Structures are given as structure tokens and as C-alpha cells.
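Engineer: Handing over model11.cif, mmCIF, C-alpha atoms.
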```
data_start
loop_
_atom_site.group_PDB
_atom_site.id
_atom_site.type_symbol
_atom_site.label_atom_id
_atom_site.label_comp_id
_atom_site.auth_asym_id
_atom_site.auth_seq_id
_atom_site.Cartn_x
_atom_site.Cartn_y
_atom_site.Cartn_z
ATOM 1 C CA MET A 1 0.000 0.000 0.000
ATOM 2 C CA THR A 2 1.342 3.357 -0.915
ATOM 3 C CA TRP A 3 0.920 6.433 1.207
ATOM 4 C CA THR A 4 1.413 8.963 -1.538
ATOM 5 C CA TRP A 5 -2.241 10.007 -1.462
ATOM 6 C CA PHE A 6 -1.929 10.714 2.265
ATOM 7 C CA HIS A 7 1.197 12.800 1.796
ATOM 8 C CA ARG A 8 -0.451 14.669 -1.037
ATOM 9 C CA LEU A 9 -3.362 15.566 1.257
ATOM 10 C CA GLY A 10 -0.820 17.299 3.479
ATOM 11 C CA SER A 11 0.786 19.172 0.607
ATOM 12 C CA PRO A 12 -0.366 22.815 0.507
ATOM 13 C CA PRO A 13 0.119 23.400 -3.259
ATOM 14 C CA TYR A 14 -1.770 20.209 -4.117
ATOM 15 C CA ILE A 15 -4.671 21.015 -1.790
ATOM 16 C CA TYR A 16 -4.760 24.635 -2.958
ATOM 17 C CA ARG A 17 -5.168 23.570 -6.574
ATOM 18 C CA LEU A 18 -7.581 20.734 -5.775
ATOM 19 C CA ALA A 19 -9.766 23.049 -3.653
ATOM 20 C CA GLY A 20 -9.893 25.570 -6.479
ATOM 21 C CA ARG A 21 -11.036 22.919 -8.939
ATOM 22 C CA LEU A 22 -13.659 21.360 -6.639
ATOM 23 C CA THR A 23 -15.299 24.543 -5.315
ATOM 24 C CA PRO A 24 -17.530 25.277 -8.349
ATOM 25 C CA TRP A 25 -18.743 21.653 -8.490
ATOM 26 C CA PHE A 26 -19.806 21.602 -4.868
ATOM 27 C CA GLY A 27 -21.205 25.114 -5.157
ATOM 28 C CA TRP A 28 -23.401 24.538 -8.198
ATOM 29 C CA ILE A 29 -24.705 21.147 -7.116
ATOM 30 C CA ALA A 30 -25.526 22.677 -3.731
ATOM 31 C CA ALA A 31 -27.350 25.577 -5.408
ATOM 32 C CA ILE A 32 -29.504 23.215 -7.485
ATOM 33 C CA LEU A 33 -30.326 20.995 -4.486
ATOM 34 C CA LEU A 34 -31.125 23.967 -2.232
ATOM 35 C CA LEU A 35 -33.413 25.587 -4.806
ATOM 36 C CA GLY A 36 -35.174 22.242 -5.271
ATOM 37 C CA ALA A 37 -35.555 21.777 -1.511
ATOM 38 C CA LEU A 38 -36.809 25.348 -1.157
ATOM 39 C CA PHE A 39 -39.595 24.792 -3.684
ATOM 40 C CA ASP A 40 -40.435 21.312 -2.425
ATOM 41 C CA GLY A 41 -40.399 22.384 1.224
ATOM 42 C CA LEU A 42 -42.410 25.575 0.849
ATOM 43 C CA VAL A 43 -44.854 24.616 -1.906
ATOM 44 C CA ILE A 44 -45.119 20.863 -2.546
ATOM 45 C CA ALA A 45 -44.906 19.302 0.937
ATOM 46 C CA PRO A 46 -48.342 19.162 2.628
ATOM 47 C CA PRO A 47 -48.965 21.105 5.862
ATOM 48 C CA ASP A 48 -48.412 19.184 9.090
ATOM 49 C CA TYR A 49 -51.548 17.915 10.855
ATOM 50 C CA GLN A 50 -50.445 19.461 14.144
ATOM 51 C CA GLN A 51 -48.065 22.261 13.223
ATOM 52 C CA GLY A 52 -49.766 23.442 10.012
ATOM 53 C CA ASP A 53 -47.439 25.391 7.727
ATOM 54 C CA GLY A 54 -45.255 26.276 10.719
ATOM 55 C CA PHE A 55 -43.415 22.964 10.379
ATOM 56 C CA ARG A 56 -41.749 24.325 7.210
ATOM 57 C CA ILE A 57 -39.239 26.057 9.481
ATOM 58 C CA MET A 58 -37.835 22.545 9.901
ATOM 59 C CA TYR A 59 -36.341 22.682 6.382
ATOM 60 C CA VAL A 60 -33.917 25.396 7.418
ATOM 61 C CA HIS A 61 -33.698 24.689 11.162
ATOM 62 C CA VAL A 62 -32.669 21.022 10.959
ATOM 63 C CA PRO A 63 -29.977 21.489 8.251
ATOM 64 C CA ALA A 64 -28.538 24.466 10.180
ATOM 65 C CA ALA A 65 -28.391 22.402 13.378
ATOM 66 C CA TRP A 66 -26.878 19.499 11.440
ATOM 67 C CA LEU A 67 -24.187 21.794 10.006
ATOM 68 C CA SER A 68 -23.468 23.257 13.468
ATOM 69 C CA LEU A 69 -22.578 19.774 14.793
ATOM 70 C CA MET A 70 -20.954 18.345 11.668
ATOM 71 C CA ILE A 71 -18.707 21.376 11.179
ATOM 72 C CA TYR A 72 -17.582 21.299 14.821
ATOM 73 C CA THR A 73 -16.690 17.622 14.453
ATOM 74 C CA TRP A 74 -14.697 18.365 11.286
ATOM 75 C CA MET A 75 -12.990 21.240 13.063
ATOM 76 C CA ALA A 76 -11.994 19.099 16.077
ATOM 77 C CA VAL A 77 -10.746 16.207 13.913
ATOM 78 C CA ALA A 78 -8.740 18.555 11.678
ATOM 79 C CA ALA A 79 -7.317 20.329 14.734
ATOM 80 C CA ALA A 80 -6.289 16.983 16.262
ATOM 81 C CA VAL A 81 -4.626 15.851 13.018
ATOM 82 C CA GLY A 82 -2.819 19.197 12.814
ATOM 83 C CA LEU A 83 -1.678 18.987 16.411
ATOM 84 C CA ILE A 84 -0.542 15.354 16.357
ATOM 85 C CA TRP A 85 1.131 15.179 12.949
ATOM 86 C CA ARG A 86 1.956 18.882 12.655
ATOM 87 C CA ILE A 87 0.199 19.191 9.325
ATOM 88 C CA LYS A 88 -0.314 22.812 8.290
ATOM 89 C CA VAL A 89 -3.174 22.027 5.909
ATOM 90 C CA ALA A 90 -5.112 20.343 8.739
ATOM 91 C CA HIS A 91 -4.811 23.459 10.901
ATOM 92 C CA ALA A 92 -5.946 25.505 7.906
ATOM 93 C CA VAL A 93 -9.060 23.296 7.605
ATOM 94 C CA ALA A 94 -9.874 23.767 11.298
ATOM 95 C CA ALA A 95 -9.463 27.536 11.055
ATOM 96 C CA ALA A 96 -11.635 27.642 7.936
ATOM 97 C CA CYS A 97 -14.433 25.663 9.638
ATOM 98 C CA ALA A 98 -14.988 27.957 12.615
ATOM 99 C CA PRO A 99 -16.756 31.013 11.127
ATOM 100 C CA ILE A 100 -19.007 28.821 8.969
ATOM 101 C CA GLY A 101 -19.940 26.673 11.950
ATOM 102 C CA ALA A 102 -20.520 29.662 14.204
ATOM 103 C CA SER A 103 -22.857 31.317 11.715
ATOM 104 C CA PHE A 104 -24.977 28.193 11.238
ATOM 105 C CA THR A 105 -25.113 27.575 14.980
ATOM 106 C CA ALA A 106 -26.545 31.083 15.277
ATOM 107 C CA VAL A 107 -29.036 30.265 12.496
ATOM 108 C CA ALA A 108 -30.020 27.009 14.243
ATOM 109 C CA LEU A 109 -30.634 28.905 17.491
ATOM 110 C CA ALA A 110 -32.530 31.777 15.838
ATOM 111 C CA THR A 111 -34.744 29.561 13.668
ATOM 112 C CA GLY A 112 -35.266 27.336 16.712
ATOM 113 C CA MET A 113 -36.553 30.332 18.658
ATOM 114 C CA LEU A 114 -38.872 31.229 15.768
ATOM 115 C CA PHE A 115 -40.020 27.600 15.753
ATOM 116 C CA GLY A 116 -40.461 27.474 19.531
ATOM 117 C CA LYS A 117 -42.648 30.531 19.871
ATOM 118 C CA PRO A 118 -45.693 29.241 17.936
ATOM 119 C CA MET A 119 -45.224 25.570 18.928
ATOM 120 C CA TRP A 120 -44.177 25.793 22.586
ATOM 121 C CA GLY A 121 -45.415 29.296 23.361
ATOM 122 C CA THR A 122 -41.943 30.602 24.180
ATOM 123 C CA TYR A 123 -38.835 31.732 22.303
ATOM 124 C CA TRP A 124 -36.470 30.256 24.843
ATOM 125 C CA VAL A 125 -36.282 27.783 27.704
ATOM 126 C CA TRP A 126 -33.153 26.582 29.512
ATOM 127 C CA ASP A 127 -33.698 23.130 28.139
ATOM 128 C CA PRO A 128 -30.733 20.693 27.703
ATOM 129 C CA ARG A 129 -30.897 20.789 23.882
ATOM 130 C CA LEU A 130 -31.143 24.578 23.661
ATOM 131 C CA THR A 131 -28.553 25.208 26.370
ATOM 132 C CA SER A 132 -25.965 22.808 24.897
ATOM 133 C CA GLU A 133 -26.488 24.332 21.418
ATOM 134 C CA LEU A 134 -25.890 27.783 22.920
ATOM 135 C CA LEU A 135 -22.711 26.411 24.518
ATOM 136 C CA LEU A 136 -21.698 25.198 21.031
ATOM 137 C CA LEU A 137 -21.993 28.776 19.765
ATOM 138 C CA PHE A 138 -19.783 29.987 22.629
ATOM 139 C CA LEU A 139 -17.225 27.274 21.838
ATOM 140 C CA TYR A 140 -17.031 28.473 18.227
ATOM 141 C CA LEU A 141 -16.763 32.099 19.322
ATOM 142 C CA GLY A 142 -14.162 31.201 21.967
ATOM 143 C CA TYR A 143 -12.153 29.315 19.352
ATOM 144 C CA MET A 144 -12.241 32.304 16.982
ATOM 145 C CA GLY A 145 -11.451 34.750 19.782
ATOM 146 C CA LEU A 146 -8.504 32.652 20.935
ATOM 147 C CA ARG A 147 -7.105 32.500 17.392
ATOM 148 C CA ALA A 148 -7.471 36.244 17.017
ATOM 149 C CA SER A 149 -5.503 36.859 20.219
ATOM 150 C CA PHE A 150 -2.269 35.491 18.679
ATOM 151 C CA ASP A 151 -0.164 37.365 16.162
ATOM 152 C CA ASP A 152 1.751 34.235 15.301
ATOM 153 C CA LEU A 153 -0.355 31.933 13.129
ATOM 154 C CA GLN A 154 1.430 28.746 14.235
ATOM 155 C CA ARG A 155 0.855 29.457 17.905
ATOM 156 C CA ALA A 156 -2.775 30.378 17.174
ATOM 157 C CA ASP A 157 -3.182 27.050 15.349
ATOM 158 C CA ARG A 158 -1.802 25.010 18.236
ATOM 159 C CA ALA A 159 -3.555 26.789 21.097
ATOM 160 C CA SER A 160 -6.943 26.894 19.390
ATOM 161 C CA ALA A 161 -6.615 23.214 18.403
ATOM 162 C CA VAL A 162 -6.604 22.256 22.089
ATOM 163 C CA LEU A 163 -9.814 24.210 22.675
ATOM 164 C CA ALA A 164 -11.467 22.640 19.607
ATOM 165 C CA ILE A 165 -10.563 19.122 20.779
ATOM 166 C CA VAL A 166 -11.712 19.649 24.378
ATOM 167 C CA GLY A 167 -14.965 21.227 23.205
ATOM 168 C CA VAL A 168 -15.904 18.248 21.045
ATOM 169 C CA VAL A 169 -17.400 16.512 24.113
ATOM 170 C CA ASN A 170 -20.293 18.940 23.704
ATOM 171 C CA VAL A 171 -21.219 17.478 20.292
ATOM 172 C CA PRO A 172 -22.704 14.190 21.587
ATOM 173 C CA ILE A 173 -24.291 16.136 24.432
ATOM 174 C CA VAL A 174 -26.209 18.277 21.921
ATOM 175 C CA LYS A 175 -27.054 15.240 19.797
ATOM 176 C CA TYR A 176 -28.330 13.004 22.608
ATOM 177 C CA SER A 177 -29.683 15.696 24.940
ATOM 178 C CA VAL A 178 -33.234 14.893 23.829
ATOM 179 C CA VAL A 179 -32.679 11.229 24.716
ATOM 180 C CA TRP A 180 -30.713 11.583 27.950
ATOM 181 C CA TRP A 181 -32.873 14.247 29.549
ATOM 182 C CA ASN A 182 -36.503 15.094 29.625
ATOM 183 C CA SER A 183 -36.494 17.810 26.981
ATOM 184 C CA LEU A 184 -39.115 20.161 25.609
ATOM 185 C CA HIS A 185 -37.367 19.751 22.258
ATOM 186 C CA GLN A 186 -38.759 16.913 20.181
ATOM 187 C CA GLY A 187 -36.682 13.840 19.461
ATOM 188 C CA SER A 188 -35.006 13.143 16.166
ATOM 189 C CA SER A 189 -37.241 12.559 13.143
ATOM 190 C CA LEU A 190 -34.439 10.895 11.223
ATOM 191 C CA SER A 191 -32.829 7.594 12.005
ATOM 192 C CA LEU A 192 -30.121 5.619 10.268
ATOM 193 C CA THR A 193 -31.007 2.374 12.008
ATOM 194 C CA GLY A 194 -34.689 2.524 12.823
ATOM 195 C CA LYS A 195 -37.730 3.909 11.117
ATOM 196 C CA ASP A 196 -37.947 7.622 10.375
ATOM 197 C CA THR A 197 -40.794 9.242 12.270
ATOM 198 C CA ILE A 198 -41.716 11.557 9.402
ATOM 199 C CA ALA A 199 -43.929 11.077 6.350
ATOM 200 C CA THR A 200 -42.144 10.605 3.017
ATOM 201 C CA PRO A 201 -43.452 13.762 1.216
ATOM 202 C CA MET A 202 -42.150 15.796 4.172
ATOM 203 C CA LEU A 203 -38.940 13.794 4.473
ATOM 204 C CA ILE A 204 -37.704 14.225 0.896
ATOM 205 C CA PRO A 205 -37.271 18.030 0.997
ATOM 206 C CA LEU A 206 -35.558 17.673 4.378
ATOM 207 C CA LEU A 207 -33.000 15.186 3.076
ATOM 208 C CA VAL A 208 -32.405 17.211 -0.100
ATOM 209 C CA SER A 209 -31.996 20.360 1.991
ATOM 210 C CA MET A 210 -29.511 18.670 4.340
ATOM 211 C CA LEU A 211 -27.481 17.321 1.422
ATOM 212 C CA GLY A 212 -27.577 20.738 -0.264
ATOM 213 C CA PHE A 213 -26.370 22.519 2.858
ATOM 214 C CA THR A 214 -23.624 19.924 3.343
ATOM 215 C CA LEU A 215 -22.308 20.474 -0.193
ATOM 216 C CA TYR A 216 -22.676 24.230 0.282
ATOM 217 C CA PHE A 217 -20.495 23.912 3.405
ATOM 218 C CA ALA A 218 -17.921 21.976 1.390
ATOM 219 C CA ALA A 219 -17.787 24.761 -1.220
ATOM 220 C CA ILE A 220 -17.393 27.519 1.400
ATOM 221 C CA LEU A 221 -14.835 25.460 3.325
ATOM 222 C CA LEU A 222 -12.697 24.948 0.210
ATOM 223 C CA LEU A 223 -12.909 28.649 -0.635
ATOM 224 C CA ARG A 224 -11.789 29.629 2.879
ATOM 225 C CA LEU A 225 -9.208 26.839 2.914
ATOM 226 C CA ARG A 226 -7.365 28.352 -0.036
ATOM 227 C CA GLY A 227 -7.179 31.659 1.809
ATOM 228 C CA GLU A 228 -5.963 29.946 4.995
ATOM 229 C CA ILE A 229 -3.315 27.944 3.091
ATOM 230 C CA LEU A 230 -1.976 31.070 1.362
ATOM 231 C CA ARG A 231 -1.688 32.834 4.733
ATOM 232 C CA ARG A 232 0.469 29.980 6.052
ATOM 233 C CA GLU A 233 2.735 29.665 3.038
ATOM 234 C CA ARG A 234 6.171 31.244 2.907
ATOM 235 C CA SER A 235 7.658 29.539 -0.148
ATOM 236 C CA ALA A 236 7.823 32.124 -2.898
ATOM 237 C CA ASN A 237 7.854 29.667 -5.770
ATOM 238 C CA TRP A 238 4.544 28.006 -5.271
ATOM 239 C CA ILE A 239 2.825 31.236 -4.158
ATOM 240 C CA ARG A 240 3.858 32.750 -7.467
ATOM 241 C CA GLU A 241 2.507 29.679 -9.209
ATOM 242 C CA ALA A 242 -0.734 29.702 -7.199
ATOM 243 C CA LEU A 243 -1.358 33.391 -7.830
ATOM 244 C CA SER A 244 -0.713 33.107 -11.528
ATOM 245 C CA SER A 245 -3.200 30.278 -12.072
ATOM 246 C CA MET B 1 -50.213 33.946 -3.688
ATOM 247 C CA THR B 2 -51.592 35.746 -0.630
ATOM 248 C CA HIS B 3 -52.530 32.348 0.720
ATOM 249 C CA PHE B 4 -48.955 31.159 0.186
ATOM 250 C CA LEU B 5 -47.445 34.219 1.852
ATOM 251 C CA HIS B 6 -49.835 33.808 4.778
ATOM 252 C CA MET B 7 -48.302 30.374 5.596
ATOM 253 C CA GLY B 8 -51.428 29.242 7.429
ATOM 254 C CA GLY B 9 -50.968 31.976 10.031
ATOM 255 C CA TYR B 10 -47.281 31.158 10.646
ATOM 256 C CA ALA B 11 -45.920 33.822 8.265
ATOM 257 C CA ALA B 12 -44.333 35.808 11.112
ATOM 258 C CA PHE B 13 -42.213 32.772 12.024
ATOM 259 C CA VAL B 14 -41.632 30.989 8.713
ATOM 260 C CA TRP B 15 -40.410 33.936 6.620
ATOM 261 C CA PRO B 16 -37.944 35.354 9.170
ATOM 262 C CA SER B 17 -36.504 31.827 9.540
ATOM 263 C CA TYR B 18 -35.942 31.512 5.800
ATOM 264 C CA GLY B 19 -34.687 35.103 5.626
ATOM 265 C CA LEU B 20 -32.084 34.584 8.356
ATOM 266 C CA THR B 21 -30.891 31.362 6.737
ATOM 267 C CA LEU B 22 -30.566 33.079 3.361
ATOM 268 C CA LEU B 23 -28.615 35.883 5.041
ATOM 269 C CA ALA B 24 -26.164 33.363 6.542
ATOM 270 C CA VAL B 25 -25.792 31.613 3.176
ATOM 271 C CA VAL B 26 -25.011 34.909 1.393
ATOM 272 C CA LEU B 27 -22.733 36.262 4.151
ATOM 273 C CA ASN B 28 -20.638 33.078 4.188
ATOM 274 C CA ILE B 29 -20.046 33.412 0.448
ATOM 275 C CA VAL B 30 -19.051 37.072 0.843
ATOM 276 C CA TRP B 31 -16.774 36.389 3.851
ATOM 277 C CA ALA B 32 -15.064 33.418 2.207
ATOM 278 C CA ARG B 33 -14.414 35.318 -1.030
ATOM 279 C CA SER B 34 -13.052 38.323 0.819
ATOM 280 C CA LEU B 35 -10.757 36.094 2.936
ATOM 281 C CA LEU B 36 -9.334 34.548 -0.228
ATOM 282 C CA ALA B 37 -8.945 37.952 -1.916
ATOM 283 C CA ARG B 38 -7.212 39.379 1.173
ATOM 284 C CA SER B 39 -4.881 36.374 1.459
ATOM 285 C CA ARG B 40 -3.960 36.714 -2.208
ATOM 286 C CA MET B 41 -3.199 40.401 -1.753
ATOM 287 C CA GLU B 42 -1.004 39.715 1.282
ATOM 288 C CA ALA B 43 0.783 36.910 -0.558
ATOM 289 C CA ARG B 44 1.480 39.291 -3.458
ATOM 290 C CA ARG B 45 2.866 41.831 -1.020
ATOM 291 C CA ARG B 46 5.157 39.194 0.511
ATOM 292 C CA LEU B 47 6.384 38.229 -2.949
ATOM 293 C CA ALA B 48 7.119 41.878 -3.741
ATOM 294 C CA ILE B 49 9.108 42.321 -0.508
ATOM 295 C CA GLN B 50 11.114 39.150 -1.176
ATOM 296 C CA GLY B 51 11.795 40.364 -4.708
ATOM 297 C CA GLU B 52 13.224 43.649 -3.436
ATOM 298 C CA ARG B 53 15.558 41.843 -1.050
ATOM 299 C CA GLN B 54 17.134 39.751 -3.790
#
```
Output the file's structure in the form of C-alpha cells.
Structural biologist:
Amino acid sequence: MTWTWFHRLGSPPYIYRLAGRLTPWFGWIAAILLLGALFDGLVIAPPDYQQGDGFRIMYVHVPAAWLSLMIYTWMAVAAAVGLIWRIKVAHAVAAACAPIGASFTAVALATGMLFGKPMWGTYWVWDPRLTSELLLLFLYLGYMGLRASFDDLQRADRASAVLAIVGVVNVPIVKYSVVWWNSLHQGSSLSLTGKDTIATPMLIPLLVSMLGFTLYFAAILLLRLRGEILRRERSANWIREALSS
Amino acid sequence: MTHFLHMGGYAAFVWPSYGLTLLAVVLNIVWARSLLARSRMEARRRLAIQGERQ
């Protein structure tokens, strides 16, 4: 077995070029899926028998919450890889994840509040799911604040990586909070192992929306990643090459 | 159309949710592009400084 592919993944010029080539693909496929999900979710899917048309908030709320957790996990794994094997590209991935994750955590919280008001009668309760998601936002903001407090990029990478890794314990807490504690928040409608507790015409736009947002994240991540890689690069030759292409 | 915009009485919650999400989607594109543009500019500046030294 050869490890060349693994070494290439750690090579800044290779990743810079690859990211540039992949971004439009992810971006355009995401745009098509999201427009499809938007139409399907707002127009085609029938109103819920309990929540009426209010349930349509789900099509933005659930993907945003999904991104908030998935991006944090990516960030922590990338930070750990960067810390353990001292791979610059991995640190660049972690740094690129944070602002995207923070913004979608804020969207998950805000759309959740707009969902909670008509369904629960309140914008906010200190419920395990809501509280741990708020903590997730603070972890992202803390990570970004910590990075910003260093002038030296390498030291920022290493210090913030520790915070990202420690904070990852909050991810399963958010995910399973509705199972572990008695929560006002409803349980998951999607299941990989069991039966989904959602009707098919309502499920399809949700899955398309989640896939669309995931690919959208990939496109934004790759765009940011190129910026982060350039910031870390000191070798004149490949910078010249990268800027000319 | 009015019926659609009314969202079965949930308009005040549905449309702000979609609006905020759209805002995040657009802002992330703008932020990412500006980060890349800024990094390119700084890289060019570094190249220029290295060129002067040689």
C-alpha cells in the first residue's frame, strides 16, 4: 500500500489547486439541491396535521443544526490531526471551519426560537438541547477569539486546536440531549437504524436540503481553505505559481 | 399567492426563519471570497518584498 495520497493531502500546493477545482462543483450542485428543496419544502410538501405550515421552518432549522454539529466535528478532527502530525493544511481546515460553523449555529438557534414561539409558546427555555447548542456557539466564538488573540499563526493554530478538541465533548451532548434528559425539544425525526418518524413527502425536501447545505459547506470550506493555506505559506515559488493560475 | 405568503398563520415565524438562513448563506459566500482575496493580496505583497531583497 502506498501512502502517496496521504502525503499529497498534506501538501499545501496540491490542496490549494484541488480546492480551487472542486469549489464550483460543490457550489453549483448545492445551489440546485437547495433551490429544489426550497420549492419542495415551501410549496409541494403538505402542511403538518399538528403544526400546520409552521413545520416548514424545519427545512432550514434542521440542516442548520446538522451543520453546526458536523462542522464542529470536522474542526476538532482537523485540529487533532494538525496537532498530532503537525500538518499545516489540517490546521488551515480547522481555522476555515470555525466562522461557517458559528454562523450556522446562530441560524439554528434563531430559527429554533422562531419555531419554539408558535409551537411551545416561548422563544427560549433553559432546556438541555437549547442550552448545549448555545454552549456550542460559545465554543465556536471562543475558538475564533482565541485565534485572534495570537499574532503568530502557528501558535494560534496550536492553542486553538486544544480548545477545539476539548470542546468536542459537547457534540454528543447536543445530539443526545433529547434522549438523555426530559427535553421540551422533540426527538429526532431521522434515524439511520430505525424507522424515520416523518412522512415521506415531508422527508424528501428535508433530506435534499440537508445534502444541499452539506455540499454548500464543502464549497465555502474549500474557498476559505485556499485563503488559509496562502496565509500559512512562505515559499515564494509556489505562491507565485498559485497566484498566476 | 396571498394564501402562500400567509403560511397558514405562521408567516411571522416561517419567513424570518428563511430570511435569516438566506442571510447566513449569502454572508458566508461574501466572507469566504473576501478572505481569499485578502490572502492573495497579502501573498502578493510578501512576494514583492522578497523580490526587493534579492
Engineer: Pick out the chain B residues within 6 Å of chain A. Count only C-alpha atoms. Give them as a PyMOL selection string.
Structural biologist: chain B and resi 7-8+10+13-14+17+32+35-36+39
Engineer: What is the CA of Phe138 (chain A)-CA of Ala102 (chain A) distance in Å, reported with one decimal?
Structural biologist: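 So the answer is 8.5 Å.
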Engineer: Which residue out of A:Ala19, A:Asp196, A:Leu215, A:Gly142 has the minimum interatomic distance to Val162 (chain A) when all atoms listed in the file are used?
Structural biologist: A:Gly142
Engineer: For Gly187 (chain A), which residue out of A:Ile165, A:Gly101, A:Ser11, A:Val62 is the nearest one, using only C-alpha atoms?
Structural biologist: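 Using only C-alpha atoms, Gly187 (chain A) sits closest to A:Val62.
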Engineer: Figure out the distance between CA of Val81 (chain A) and CA of Leu163 (chain A), please, to one decimal in Å.
Structural biologist: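 Separation of CA of Leu163 (chain A) and CA of Val81 (chain A): 13.8 Å.
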Engineer: What does the distance between CA of Val208 (chain A) and CA of Ala37 (chain A) come to in Å, to one decimal place?
Structural biologist: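 Between CA of Val208 (chain A) and CA of Ala37 (chain A) the gap is 5.7 Å.
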Engineer: Given the choices A:Met210, A:Val174, A:Leu153, A:Ala80, which gets closest to Leu137 (chain A) if the distance is worked out from all atoms listed in the file?
Structural biologist: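 Smallest distance to Leu137 (chain A) is found for A:Val174.
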Engineer: Could chain B be written out with C-alpha atoms, as a PDB file, in the first residue's frame, please?
Structural biologist:
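Written file, result.pdb:
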```
ATOM      1  CA  MET B   1     -50.213  33.946  -3.688  1.00  0.00           C
ATOM      2  CA  THR B   2     -51.592  35.746  -0.630  1.00  0.00           C
ATOM      3  CA  HIS B   3     -52.530  32.348   0.720  1.00  0.00           C
ATOM      4  CA  PHE B   4     -48.955  31.159   0.186  1.00  0.00           C
ATOM      5  CA  LEU B   5     -47.445  34.219   1.852  1.00  0.00           C
ATOM      6  CA  HIS B   6     -49.835  33.808   4.778  1.00  0.00           C
ATOM      7  CA  MET B   7     -48.302  30.374   5.596  1.00  0.00           C
ATOM      8  CA  GLY B   8     -51.428  29.242   7.429  1.00  0.00           C
ATOM      9  CA  GLY B   9     -50.968  31.976  10.031  1.00  0.00           C
ATOM     10  CA  TYR B  10     -47.281  31.158  10.646  1.00  0.00           C
ATOM     11  CA  ALA B  11     -45.920  33.822   8.265  1.00  0.00           C
ATOM     12  CA  ALA B  12     -44.333  35.808  11.112  1.00  0.00           C
ATOM     13  CA  PHE B  13     -42.213  32.772  12.024  1.00  0.00           C
ATOM     14  CA  VAL B  14     -41.632  30.989   8.713  1.00  0.00           C
ATOM     15  CA  TRP B  15     -40.410  33.936   6.620  1.00  0.00           C
ATOM     16  CA  PRO B  16     -37.944  35.354   9.170  1.00  0.00           C
ATOM     17  CA  SER B  17     -36.504  31.827   9.540  1.00  0.00           C
ATOM     18  CA  TYR B  18     -35.942  31.512   5.800  1.00  0.00           C
ATOM     19  CA  GLY B  19     -34.687  35.103   5.626  1.00  0.00           C
ATOM     20  CA  LEU B  20     -32.084  34.584   8.356  1.00  0.00           C
ATOM     21  CA  THR B  21     -30.891  31.362   6.737  1.00  0.00           C
ATOM     22  CA  LEU B  22     -30.566  33.079   3.361  1.00  0.00           C
ATOM     23  CA  LEU B  23     -28.615  35.883   5.041  1.00  0.00           C
ATOM     24  CA  ALA B  24     -26.164  33.363   6.542  1.00  0.00           C
ATOM     25  CA  VAL B  25     -25.792  31.613   3.176  1.00  0.00           C
ATOM     26  CA  VAL B  26     -25.011  34.909   1.393  1.00  0.00           C
ATOM     27  CA  LEU B  27     -22.733  36.262   4.151  1.00  0.00           C
ATOM     28  CA  ASN B  28     -20.638  33.078   4.188  1.00  0.00           C
ATOM     29  CA  ILE B  29     -20.046  33.412   0.448  1.00  0.00           C
ATOM     30  CA  VAL B  30     -19.051  37.072   0.843  1.00  0.00           C
ATOM     31  CA  TRP B  31     -16.774  36.389   3.851  1.00  0.00           C
ATOM     32  CA  ALA B  32     -15.064  33.418   2.207  1.00  0.00           C
ATOM     33  CA  ARG B  33     -14.414  35.318  -1.030  1.00  0.00           C
ATOM     34  CA  SER B  34     -13.052  38.323   0.819  1.00  0.00           C
ATOM     35  CA  LEU B  35     -10.757  36.094   2.936  1.00  0.00           C
ATOM     36  CA  LEU B  36      -9.334  34.548  -0.228  1.00  0.00           C
ATOM     37  CA  ALA B  37      -8.945  37.952  -1.916  1.00  0.00           C
ATOM     38  CA  ARG B  38      -7.212  39.379   1.173  1.00  0.00           C
ATOM     39  CA  SER B  39      -4.881  36.374   1.459  1.00  0.00           C
ATOM     40  CA  ARG B  40      -3.960  36.714  -2.208  1.00  0.00           C
ATOM     41  CA  MET B  41      -3.199  40.401  -1.753  1.00  0.00           C
ATOM     42  CA  GLU B  42      -1.004  39.715   1.282  1.00  0.00           C
ATOM     43  CA  ALA B  43       0.783  36.910  -0.558  1.00  0.00           C
ATOM     44  CA  ARG B  44       1.480  39.291  -3.458  1.00  0.00           C
ATOM     45  CA  ARG B  45       2.866  41.831  -1.020  1.00  0.00           C
ATOM     46  CA  ARG B  46       5.157  39.194   0.511  1.00  0.00           C
ATOM     47  CA  LEU B  47       6.384  38.229  -2.949  1.00  0.00           C
ATOM     48  CA  ALA B  48       7.119  41.878  -3.741  1.00  0.00           C
ATOM     49  CA  ILE B  49       9.108  42.321  -0.508  1.00  0.00           C
ATOM     50  CA  GLN B  50      11.114  39.150  -1.176  1.00  0.00           C
ATOM     51  CA  GLY B  51      11.795  40.364  -4.708  1.00  0.00           C
ATOM     52  CA  GLU B  52      13.224  43.649  -3.436  1.00  0.00           C
ATOM     53  CA  ARG B  53      15.558  41.843  -1.050  1.00  0.00           C
ATOM     54  CA  GLN B  54      17.134  39.751  -3.790  1.00  0.00           C
TER      55      GLN B  54
END
```
